[in-house]
Each structure stands twice: as C-alpha cells, then as structure tokens.
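Below is one structure; the comments refer to it alone.
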Amino acid sequence: MNEYKVKGLTCANCARELQEEIQKLPSGKSASLNYHSGKLKIDNSVEIGKVKKILSTDGAFLVTENDEHKDVHPQGMNWITILSLSFFLYCFAFVVDSWINEFLAVGLFLTATALSGYKTFLKGLKNLGKGKFNIETLMTIALIGALSIGEWKEGALVAILFGLNEYLEGLGMQKARNSLEKLLNIAPKKATIITDGIEKVVDVTSLKESDLVIVKAGEKIPSDGLVIDGKSSVNEAAITGESMPVEKGLGEEVFGGSINNEGLLKISITKAYEDSSLAKILHLVEEAQETKTPTELFINKFAKYYTPIIMLISIIVMIVPPIFLNGSFSEWFYQGLAVLIVGCPCALVLSSPIAIVSGITKNARNGILIKGGVFLEQLGRITTVAFDKTGTLTKGEPYVETFIEYEPHSLLLSASIEKSSSHPIAKALIKKAVEEKLILVEPEEVITHSGSGVTAKIGDKQYSIGNEKQVSHVPIDDRVKKDLLDVKDKGMTVVLLADKDKILGIFGISDEIREESKEVISHLHKVGIKKTLMLTGDHESTAQKVARHVGVTSFFAGLLPDQKVEKIKGISETDKVAMVGDGINDAPALASADLGIAMGKGTDSAIETADIVLMQNHLGKLPSAIKSAKKVNAIIKMNIILALGLKLIALLLTIPGLLTLWIAILSDMGATILVTIISLTVLYDK
C-alpha cells in the first residue's frame, strides 16, 4: 500500500464520497481516504493520475515532498479575503438598491454570489452532470433556484455564508490535526554519533543497535538506550506525560524523545529509532486517529442516504402544496430551496471526528496511549474496572513491612545470609538492612533448600532462614506463636530466622501498595465507575488487606490466569468492564475484557497487548483518561442532537410556510460552528 498526504478536503462527507470514487478504480477496492488525518492509502497498482483527477473534482490534491514545507495559511487567507470582499459588495448593494439603482444593486449581488460561490457552483454543476447528489449539488440547485425567482439578496447571502461555513469547518478540523502534528513533532530529527572517537551528526533514522551517541544539555535523546557515561535529570514527558524530571545515571535506561536537562550523557543505543518506544507511540497515535468508531460508521452510512431523502422532501415541498392545497407555486418553490440548504449533512458528519481526534491527542500528551477512536468511545462507556493486584495496585516488589527481633542483630544476620541470593524476598531483607545502615558480613557454607529457605554459617554458628518448614528443627514458644499468628493475620508472608536452638527473629514480608492506588480508586468512583474489582492469585488474607487499604468494591483471591479470564468473561455479561494489568502476565485477561488497559512505561509487551496503555508506571492518570473519554462521548451525543435538532426545527417551519433561505443557511451554519467549537473543548481543561 502507498500512503499520501492529501490537502484541500472540504468536509468529512466529501472525503467519504471521494473514497468511494477511488474504490471504483481498478485495484482500488482497498483504498481509504481519512478526513481526520488527511491521508490516502491505496494499492501500489492503482493509477495515480486517475486518483489525482478524482481528488481535483473536490479541489483536493496530493501533497508532494516540495509541498510539505509550504505554509497552508495563505490559501485560507485568500479565501477570507474573497469572503470579506463578497460581504462588502453585499452590504454596498443594499445601499445602491435603496439610493441609486436597482439594476446596479442586482449586479453587485450577483458579483458577491459569484465571488463566494463559484467553487461550490462549479462542483455542483459537475455533480449534477454525473447524477451525484451531495452538499455542493444541493447548494447549486438552491442558488440557481433563488436567482431564477429573483431572490438576489438571499442567493448572495447563501453563497457567502456557505463559503464561510466551509472555511470554518475546515479550520476546526485543521485545529485538531495541528494539535496532533505538534505531538508528532516531539520526535528527534538528528543524533550526534561517535565513531572511532569522531563526532558526527546523522539522521535518527540511520541509528542502529549498539551505536554510541552523545546528548548535550537541552538536546533530545535520539532513541532508546542505556547510559554508559554521565549523570543528568531527564524530562520523559514525551513518553509518560509526567512533567517531573527523572535522575539518570550509569546503566540506567533512557527513552528516545526524552530531553536531557543538564550535563552530558553518553548513551549506547539499544533500539533502532523505528523500534523505539517513542516511534511506536507516535505510529500508534497516527493509526488511532484513522480508525472510525461505531458512531462514525453509523453517521457516515446515514449521511449516504440522508442527502437523497432531503432531495425528495424538497421536491415534495415544491410540488404537493401548489397542486393539492392550492398554494402559490413560487412560494413553495422557495420553501423547497430552503429545505435543500437545511439538508446539508456537514454538521452531522462532523459530529464525531473532531472530538475523537482531540480526545486521542489530549490523552497522548498526558502519556495515555489510546489505540483507536473505537477504544476511546468504549472507555467512556466502562462501568466496571478490574485490576490485577501484583504490579498494578501494588509495586510488585516485596518489602519488609515489619520485623520482630528476639535476639540482637537478627536483621543483620538474615540479610548477610541472603546477600548473594537473587530471590525477591532475599532482596527485600537486604534492602531493609541497607535502610537501617547495617554493614553485612560474609556467610560461609551457604546451602539453598528449594521451596523452604537457606542455611549458612556465620562465625562458629549455624543459622536457618526461611518458612516454618525450614525452622521445624527448633521448638516454638507461646510468645513466638502469638507473634507468628499476628503477622499471618495481617496478610504478610512470614520469614523466620533460627539457630540450632531457638527462633531469633520474625520478618513480615509484603508486596508494597502503590502510594496512588487508594486515591485512584476513589477518583474512579467519582468519575462514574460503579464497581472496582481486584483479581489476584495471592491468598485470601493478603488480598483482603490490599483490597481494604485501596478501597475496591470487591476482590477475588487465589485465581489462576485462566480463572481470571473466566471471571472477566462473567462480569462482561452484565457490565462494560476494563481490565488493568501490567501487559505481560495479564495478557489473556486483558484480551477477554471489553477493554484492556496496560501500564508499564513504554514496555514493548504493554504497547502490543492492550487497547490503552498508561505510559507512566502508575495508575495516577487513569481517572482523567476515563473522564475525558466520557466527555468525548457526551460531546458526540450533544453534537448529533444539535445537528439534527436545528435542522428539524428549520424543516418544521415549512409547515406554516415560514422557512426562508436566511433561516436555512443560518441553521446549517450555526449547527456546524457549534459542533466544531464544542468538539475542540476536549483539548482544553477548565
């Protein structure tokens, strides 16, 4: 498939009709022309000359490399100049009509009509010749009709206001596109590579794995990599949406598109730019704006039949009253022309795309990657959010929550025995010892006992550390039993240290709950989520402790991966459910939910698995994503009601014969402007 950028698309409905024409070409069946992004995708074998000819019928054209850097505003400014001149001539014609000469006034009205309406008129005539009925056709018939019955003033006003309407409609969509393009412009363009000690500036697209680059203060990091020299704070907002800088030093991972705040960093590239986290994010955001939501697909299908129906209603209005109700032919002909203008489908077709593009762009700026308009729409309908526990509501890292020393130095002995182990619980003990500023000693004769613990010798004494099985050789007195039971009741994993005679210490190990989890759950309930669930493979007491602390409405413990899937499927039968996980272990459950939400700071698996990715390594921005999705859905509904409601009111005015061309064009223009402005509010917070 070849991809081209298209400019000059006048409206979403026109883009749909152009797409249908291109699809009729040989090998053109798979062609797609997206009004949101202004992109055309066609099969390599489609004759490009014929495509250009089809696009030109609507004043659209393919953008070549030379056109990419041209400013698009002059064309818009010229159109504003033409409309301004037309409006001046229109106002001047009123003065001439009243004070000088009626025929001269008619000439001025016609000049104003021709200036502002010639594009529409020419397109409409071509469409009439092809038997194609769209907005230009409707407007052309209305203009011809108005002028033919001597309505010079109203014909001119229709042409001017319709021209202004088209300009404002394009401006609204361009605003949404520009917002997206600003997001895409965060991608770095150049990199300073070091080869054989020589610095050379190259294009980022030429970077390969293992290339060595240097990034100076204020420069963008060109691609994902590891710091091999230097220390600096890095702004990762391009990836995570977080404004606070992150300290980076030797051996730490950095993301392409991040900004080096100060100092010099030497980085070993781990991914070619096209495989980097930023490149994947930008690619997915571009793809996301091109997907059509169920609402959009319905509107587009509806618009296809809507225009012919309006034509039919117009003909009925022109013919039925004069023949069967003895009405004036000229009056009802005029009413029929007004119906044609009211029938413009632009506002209706525009109800969804600007809001969808704005919603996707806004969330992407905040580090929330929504992979398509369909998922944004779905997010706004979610009633239940299910969370995996480990690594989602908790940090997924065991830590020592409590410890009881029956003999001095129990923590020091435990951490020293475990100092060479990579087991998560061993790491938790070592981390606690470091926090307590203890200096570890070197153990001897270290033996690991699978599934129970470790034995080792320190000095002349033998020690055992692990679960109850590991220390079963020593008696447990009542005090230790009480403490042991207390730690277990609090949902902690128990680790015991013993010598050959007695228990020396008890350690309560927990998976640390994320600081933001409680607040996030509370905010979710405030933004309209009715149920929050926690699904975990952990045992009941641990699950209960976490659930009580964070405030979820219910939890399910002891679940295997397939049982999580069954649970999600069961909930989906009655509720719209989103599953939130880390994108790796939770892939089956994420896929089973109505919506899969992964978290994980740019991990490949997270980006590939879920429908939505929280690029931060926390849940903090999930409530705002749901809130903005609900806002988008509400705006789309409001837009559809406005677009159809204003038209319906205008059409009802035909019954008493009160509909005029003025009212018709103002109802259409008002609907389009309102729909555009309301949709753009998605981009801005209060």
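Quick note on naming: the chains in the structure tokens go A, B, ... in the order shown, residues restart at 1 in each chain, and ligands are numbered from 1 in order of appearance.
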- Quick one: DSSP helix (DSSP H, G or I) residues in segment 417-596 of chain A, as a PyMOL selection string? chain A and resi 417-418+424-435+478-489+517-526+540-550+561-572+587-592
Next, the residues of the selection above should be written as an mmCIF file, in the first residue's frame with C-alpha atoms.
```
data_model
loop_
_atom_site.group_PDB
_atom_site.id
_atom_site.type_symbol
_atom_site.label_atom_id
_atom_site.label_comp_id
_atom_site.auth_asym_id
_atom_site.auth_seq_id
_atom_site.Cartn_x
_atom_site.Cartn_y
_atom_site.Cartn_z
ATOM 1 C CA ILE A 417 22.917 -14.960 54.724
ATOM 2 C CA GLU A 418 20.802 -13.780 51.752
ATOM 3 C CA PRO A 424 12.755 -11.295 45.714
ATOM 4 C CA ILE A 425 12.353 -11.960 49.455
ATOM 5 C CA ALA A 426 16.144 -12.014 49.874
ATOM 6 C CA LYS A 427 16.328 -8.649 48.087
ATOM 7 C CA ALA A 428 13.678 -7.245 50.460
ATOM 8 C CA LEU A 429 15.747 -8.284 53.506
ATOM 9 C CA ILE A 430 18.935 -6.789 52.014
ATOM 10 C CA LYS A 431 17.110 -3.530 51.139
ATOM 11 C CA LYS A 432 15.828 -3.261 54.731
ATOM 12 C CA ALA A 433 19.330 -3.803 56.131
ATOM 13 C CA VAL A 434 20.678 -1.068 53.842
ATOM 14 C CA GLU A 435 17.911 1.287 55.046
ATOM 15 C CA ASP A 478 3.890 -19.248 73.023
ATOM 16 C CA ARG A 479 5.251 -15.731 72.500
ATOM 17 C CA VAL A 480 6.635 -16.616 69.061
ATOM 18 C CA LYS A 481 3.396 -18.461 68.158
ATOM 19 C CA LYS A 482 1.355 -15.365 69.046
ATOM 20 C CA ASP A 483 3.604 -13.054 67.003
ATOM 21 C CA LEU A 484 3.616 -15.521 64.115
ATOM 22 C CA LEU A 485 -0.183 -15.686 64.062
ATOM 23 C CA ASP A 486 -0.434 -11.887 64.271
ATOM 24 C CA VAL A 487 1.871 -11.391 61.254
ATOM 25 C CA LYS A 488 -0.069 -14.005 59.246
ATOM 26 C CA ASP A 489 -3.431 -12.399 60.140
ATOM 27 C CA SER A 517 -3.760 3.306 44.448
ATOM 28 C CA LYS A 518 -6.203 4.425 47.157
ATOM 29 C CA GLU A 519 -6.648 7.896 45.625
ATOM 30 C CA VAL A 520 -7.072 6.452 42.107
ATOM 31 C CA ILE A 521 -9.842 4.067 43.228
ATOM 32 C CA SER A 522 -11.606 6.948 44.992
ATOM 33 C CA HIS A 523 -11.362 9.163 41.868
ATOM 34 C CA LEU A 524 -12.656 6.351 39.638
ATOM 35 C CA HIS A 525 -15.815 6.130 41.738
ATOM 36 C CA LYS A 526 -16.174 9.936 41.490
ATOM 37 C CA GLU A 540 -7.224 -14.555 50.833
ATOM 38 C CA SER A 541 -5.648 -12.699 53.765
ATOM 39 C CA THR A 542 -3.141 -10.798 51.569
ATOM 40 C CA ALA A 543 -5.843 -9.936 49.030
ATOM 41 C CA GLN A 544 -8.193 -8.740 51.777
ATOM 42 C CA LYS A 545 -5.506 -6.492 53.248
ATOM 43 C CA VAL A 546 -4.777 -4.796 49.891
ATOM 44 C CA ALA A 547 -8.476 -4.541 48.966
ATOM 45 C CA ARG A 548 -9.347 -2.932 52.299
ATOM 46 C CA HIS A 549 -6.462 -0.471 52.040
ATOM 47 C CA VAL A 550 -7.120 0.739 48.462
ATOM 48 C CA PRO A 561 -4.663 -16.996 34.907
ATOM 49 C CA ASP A 562 -7.472 -18.992 33.254
ATOM 50 C CA GLN A 563 -9.744 -18.335 36.242
ATOM 51 C CA LYS A 564 -9.106 -14.589 35.862
ATOM 52 C CA VAL A 565 -10.259 -14.892 32.250
ATOM 53 C CA GLU A 566 -13.437 -16.721 33.307
ATOM 54 C CA LYS A 567 -14.131 -14.111 35.963
ATOM 55 C CA ILE A 568 -13.731 -11.265 33.441
ATOM 56 C CA LYS A 569 -15.999 -13.036 30.930
ATOM 57 C CA GLY A 570 -18.637 -13.496 33.627
ATOM 58 C CA ILE A 571 -18.549 -9.806 34.601
ATOM 59 C CA SER A 572 -18.698 -8.771 30.907
ATOM 60 C CA ALA A 587 -2.440 -10.681 28.527
ATOM 61 C CA PRO A 588 -5.286 -13.303 28.483
ATOM 62 C CA ALA A 589 -7.421 -11.281 30.927
ATOM 63 C CA LEU A 590 -6.678 -8.012 29.070
ATOM 64 C CA ALA A 591 -7.814 -9.619 25.817
ATOM 65 C CA SER A 592 -11.000 -11.033 27.397
#
```
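When DSSP reads the backbone of this structure, the residues of segment 292-420 of chain A it assigns to strand (DSSP E or B) are A:Ile368, A:Leu369, A:Ile370, A:Thr384, A:Val385, A:Ala386, A:Phe387, A:Asp388, A:Thr394, A:Lys395, A:Gly396, A:Glu397, A:Pro398, A:Tyr399, A:Val400, A:Glu401, A:Thr402, A:Phe403, A:Ile404, A:Glu405.
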Atoms to include: N, CA and C atoms. Write the selected residues as a compact mmCIF listing (two decimals), in the first residue's frame.
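The resulting result-v9.txt:
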```
# COMPACT_ATOMS: atom_id res chain seq x y z
N ILE A 368 -1.06 8.85 27.83
CA ILE A 368 -2.07 7.79 27.78
C ILE A 368 -2.30 7.46 26.31
N LEU A 369 -1.87 6.28 25.91
CA LEU A 369 -1.91 5.88 24.51
C LEU A 369 -3.19 5.10 24.23
N ILE A 370 -4.11 5.72 23.48
CA ILE A 370 -5.37 5.07 23.10
C ILE A 370 -5.25 4.66 21.65
N THR A 384 -17.31 -0.84 34.98
CA THR A 384 -16.55 -1.63 35.96
C THR A 384 -15.09 -1.68 35.55
N VAL A 385 -14.19 -1.48 36.53
CA VAL A 385 -12.76 -1.60 36.27
C VAL A 385 -12.20 -2.70 37.16
N ALA A 386 -11.58 -3.70 36.53
CA ALA A 386 -10.94 -4.80 37.28
C ALA A 386 -9.43 -4.61 37.24
N PHE A 387 -8.80 -4.80 38.39
CA PHE A 387 -7.35 -4.63 38.50
C PHE A 387 -6.67 -5.94 38.86
N ASP A 388 -5.56 -6.21 38.22
CA ASP A 388 -4.64 -7.22 38.75
C ASP A 388 -4.01 -6.60 39.99
N THR A 394 -0.25 -2.85 43.52
CA THR A 394 0.97 -2.90 44.34
C THR A 394 2.18 -2.70 43.42
N LYS A 395 3.34 -2.53 44.01
CA LYS A 395 4.55 -2.27 43.22
C LYS A 395 5.16 -3.54 42.62
N GLY A 396 4.71 -4.71 43.13
CA GLY A 396 5.27 -5.96 42.62
C GLY A 396 6.65 -6.24 43.17
N GLU A 397 7.02 -5.54 44.25
CA GLU A 397 8.33 -5.72 44.88
C GLU A 397 8.14 -5.99 46.37
N PRO A 398 8.51 -7.20 46.85
CA PRO A 398 8.36 -7.48 48.29
C PRO A 398 9.22 -6.52 49.12
N TYR A 399 8.70 -6.14 50.27
CA TYR A 399 9.50 -5.33 51.20
C TYR A 399 9.18 -5.79 52.62
N VAL A 400 10.10 -5.50 53.55
CA VAL A 400 9.91 -5.89 54.95
C VAL A 400 8.99 -4.87 55.60
N GLU A 401 7.73 -5.29 55.84
CA GLU A 401 6.76 -4.37 56.45
C GLU A 401 6.96 -4.30 57.96
N THR A 402 7.29 -5.44 58.55
CA THR A 402 7.53 -5.47 59.99
C THR A 402 8.57 -6.54 60.32
N PHE A 403 9.33 -6.35 61.40
CA PHE A 403 10.21 -7.43 61.86
C PHE A 403 10.32 -7.39 63.38
N ILE A 404 10.41 -8.56 63.95
CA ILE A 404 10.50 -8.72 65.41
C ILE A 404 11.80 -9.45 65.70
N GLU A 405 12.69 -8.82 66.47
CA GLU A 405 13.98 -9.42 66.82
C GLU A 405 13.92 -9.94 68.27
```
- Message: Which residues are near Ile149 of chain A? Cut-off 12 Å, only C-alpha atoms, ignore same chain within fewer than 6 positions. Put them as a ChimeraX atom specification.
- Response: /A:142-143,155,329-335,337
- One decimal, Å: what's the distance from atom CA of Glu20 of chain A over to atom CA of Leu33 of chain A, could you say?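 Between atom CA of Glu20 of chain A and atom CA of Leu33 of chain A the gap works out to 9.0 Å.
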- Task: Work out how far apart atom CA of Val441 of chain A and atom CA of Ala498 of chain A are and give it in Å to one decimal.
- Result: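 Between atom CA of Val441 of chain A and atom CA of Ala498 of chain A the gap is 17.2 Å.
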Please list as a compact mmCIF listing (two decimals) with N, CA and C atoms, in the first residue's frame every residue within 8 Å of Leu595 of chain A, counting only C-alpha atoms and excluding residues in the same chain fewer than 5 positions away.
```txt
# COMPACT_ATOMS: atom_id res chain seq x y z
N PHE A 375 -11.70 2.59 20.85
CA PHE A 375 -11.35 2.31 22.24
C PHE A 375 -11.61 3.53 23.13
N GLN A 378 -15.24 3.37 23.71
CA GLN A 378 -15.50 2.26 24.64
C GLN A 378 -15.13 2.64 26.07
N LEU A 379 -14.01 3.36 26.23
CA LEU A 379 -13.55 3.77 27.56
C LEU A 379 -14.60 4.64 28.26
N VAL A 577 -16.70 -3.88 31.13
CA VAL A 577 -15.56 -4.00 32.04
C VAL A 577 -14.22 -3.72 31.35
N ALA A 578 -13.38 -2.96 32.05
CA ALA A 578 -11.99 -2.75 31.61
C ALA A 578 -11.09 -3.51 32.57
N MET A 579 -10.09 -4.19 32.03
CA MET A 579 -9.12 -4.91 32.85
C MET A 579 -7.80 -4.14 32.82
N LEU A 590 -6.56 -9.29 29.80
CA LEU A 590 -6.68 -8.01 29.07
C LEU A 590 -7.45 -8.21 27.77
N ALA A 610 -2.36 -4.28 24.93
CA ALA A 610 -3.60 -3.64 25.37
C ALA A 610 -4.19 -2.69 24.34
N ASP A 611 -5.45 -2.32 24.59
CA ASP A 611 -6.14 -1.33 23.77
C ASP A 611 -5.72 0.08 24.17
N ILE A 612 -5.41 0.22 25.46
CA ILE A 612 -4.96 1.51 26.01
C ILE A 612 -3.73 1.25 26.87
```
- Query: To one decimal place, how far is atom CA of Lys41 of chain A from atom CA of Leu62 of chain A in Å?
  - Reply: 11.4 Å
- If you count only C-alpha atoms, which residues fall within 12 Å of segment 313-320 of chain A, apart from same-chain ones fewer than 5 positions away, as a PyMOL selection string? chain A and resi 138+141-142+145+306-308+325-343+651-657+659
- Task: Find the residues around Val46 of chain A up to 8 Å (only C-alpha atoms counted), leave out those fewer than 5 positions away in its own chain, and share them as a list of chain:residue names.
- Result: A:Leu25, A:Pro26, A:Ser27, A:Gly28, A:Val51
Can you spit out the residues from that selection as a compact mmCIF listing (two decimals), in the first residue's frame, using all heavy atoms?
```
# COMPACT_ATOMS: atom_id res chain seq x y z
N LEU A 25 -11.95 2.44 -8.94
CA LEU A 25 -10.84 2.26 -9.89
C LEU A 25 -10.32 0.83 -9.84
O LEU A 25 -10.48 0.15 -8.82
CB LEU A 25 -9.69 3.22 -9.54
CG LEU A 25 -9.96 4.73 -9.67
CD1 LEU A 25 -8.76 5.50 -9.16
CD2 LEU A 25 -10.25 5.12 -11.11
N PRO A 26 -9.68 0.34 -10.93
CA PRO A 26 -9.07 -0.99 -10.89
C PRO A 26 -8.07 -1.09 -9.74
O PRO A 26 -7.24 -0.19 -9.56
CB PRO A 26 -8.35 -1.08 -12.25
CG PRO A 26 -9.08 -0.12 -13.12
CD PRO A 26 -9.54 0.99 -12.24
N SER A 27 -8.19 -2.14 -8.93
CA SER A 27 -7.34 -2.40 -7.74
C SER A 27 -7.55 -1.38 -6.63
O SER A 27 -6.77 -1.33 -5.67
CB SER A 27 -5.84 -2.41 -8.11
OG SER A 27 -5.59 -3.32 -9.13
N GLY A 28 -8.61 -0.57 -6.75
CA GLY A 28 -8.82 0.49 -5.76
C GLY A 28 -9.74 0.13 -4.61
O GLY A 28 -10.05 0.96 -3.76
N VAL A 51 -6.39 8.97 -9.71
CA VAL A 51 -6.67 9.35 -8.32
C VAL A 51 -6.64 10.87 -8.19
O VAL A 51 -7.53 11.48 -7.59
CB VAL A 51 -5.64 8.71 -7.36
CG1 VAL A 51 -5.80 9.27 -5.94
CG2 VAL A 51 -5.78 7.19 -7.35
```
- Spatial neighbours of segment 22-24 of chain A, max dist 8 Å, only C-alpha atoms, sep filter under 5 positions, as number ranges by chain: A: 29-31, 51, 54
Using the selection just defined, write its residues with all heavy atoms as a CSV table (one decimal), in the first residue's frame.
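result.csv, freshly written:
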```
chain,number,residue,atom,x,y,z
A,29,LYS,N,-10.2,-1.1,-4.6
A,29,LYS,CA,-11.2,-1.5,-3.6
A,29,LYS,C,-10.7,-1.3,-2.1
A,29,LYS,O,-11.5,-1.0,-1.3
A,29,LYS,CB,-11.5,-3.0,-3.8
A,29,LYS,CG,-12.8,-3.5,-3.1
A,29,LYS,CD,-13.2,-4.9,-3.5
A,29,LYS,CE,-14.5,-5.3,-2.8
A,29,LYS,NZ,-14.9,-6.7,-3.2
A,30,SER,N,-9.4,-1.5,-1.9
A,30,SER,CA,-8.9,-1.3,-0.5
A,30,SER,C,-8.5,0.1,-0.2
A,30,SER,O,-8.0,0.4,0.9
A,30,SER,CB,-7.7,-2.2,-0.4
A,30,SER,OG,-6.6,-1.8,-1.3
A,31,ALA,N,-8.7,1.0,-1.1
A,31,ALA,CA,-8.3,2.4,-0.8
A,31,ALA,C,-9.1,3.0,0.4
A,31,ALA,O,-10.3,2.7,0.6
A,31,ALA,CB,-8.6,3.3,-2.1
A,51,VAL,N,-6.4,9.0,-9.7
A,51,VAL,CA,-6.7,9.4,-8.3
A,51,VAL,C,-6.6,10.9,-8.2
A,51,VAL,O,-7.5,11.5,-7.6
A,51,VAL,CB,-5.6,8.7,-7.4
A,51,VAL,CG1,-5.8,9.3,-5.9
A,51,VAL,CG2,-5.8,7.2,-7.4
A,54,ILE,N,-9.7,12.4,-9.6
A,54,ILE,CA,-10.9,12.3,-8.7
A,54,ILE,C,-10.8,13.3,-7.6
A,54,ILE,O,-11.8,14.0,-7.3
A,54,ILE,CB,-11.0,10.9,-8.2
A,54,ILE,CG1,-11.4,9.9,-9.3
A,54,ILE,CG2,-12.0,10.8,-7.0
A,54,ILE,CD1,-11.3,8.4,-8.9
```
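When only C-alpha atoms are used to compute distances to Leu122 of chain A, the closest of the residues A:Leu411, A:Val234, A:Met638, A:Ile144 turns out to be A:Ile144.
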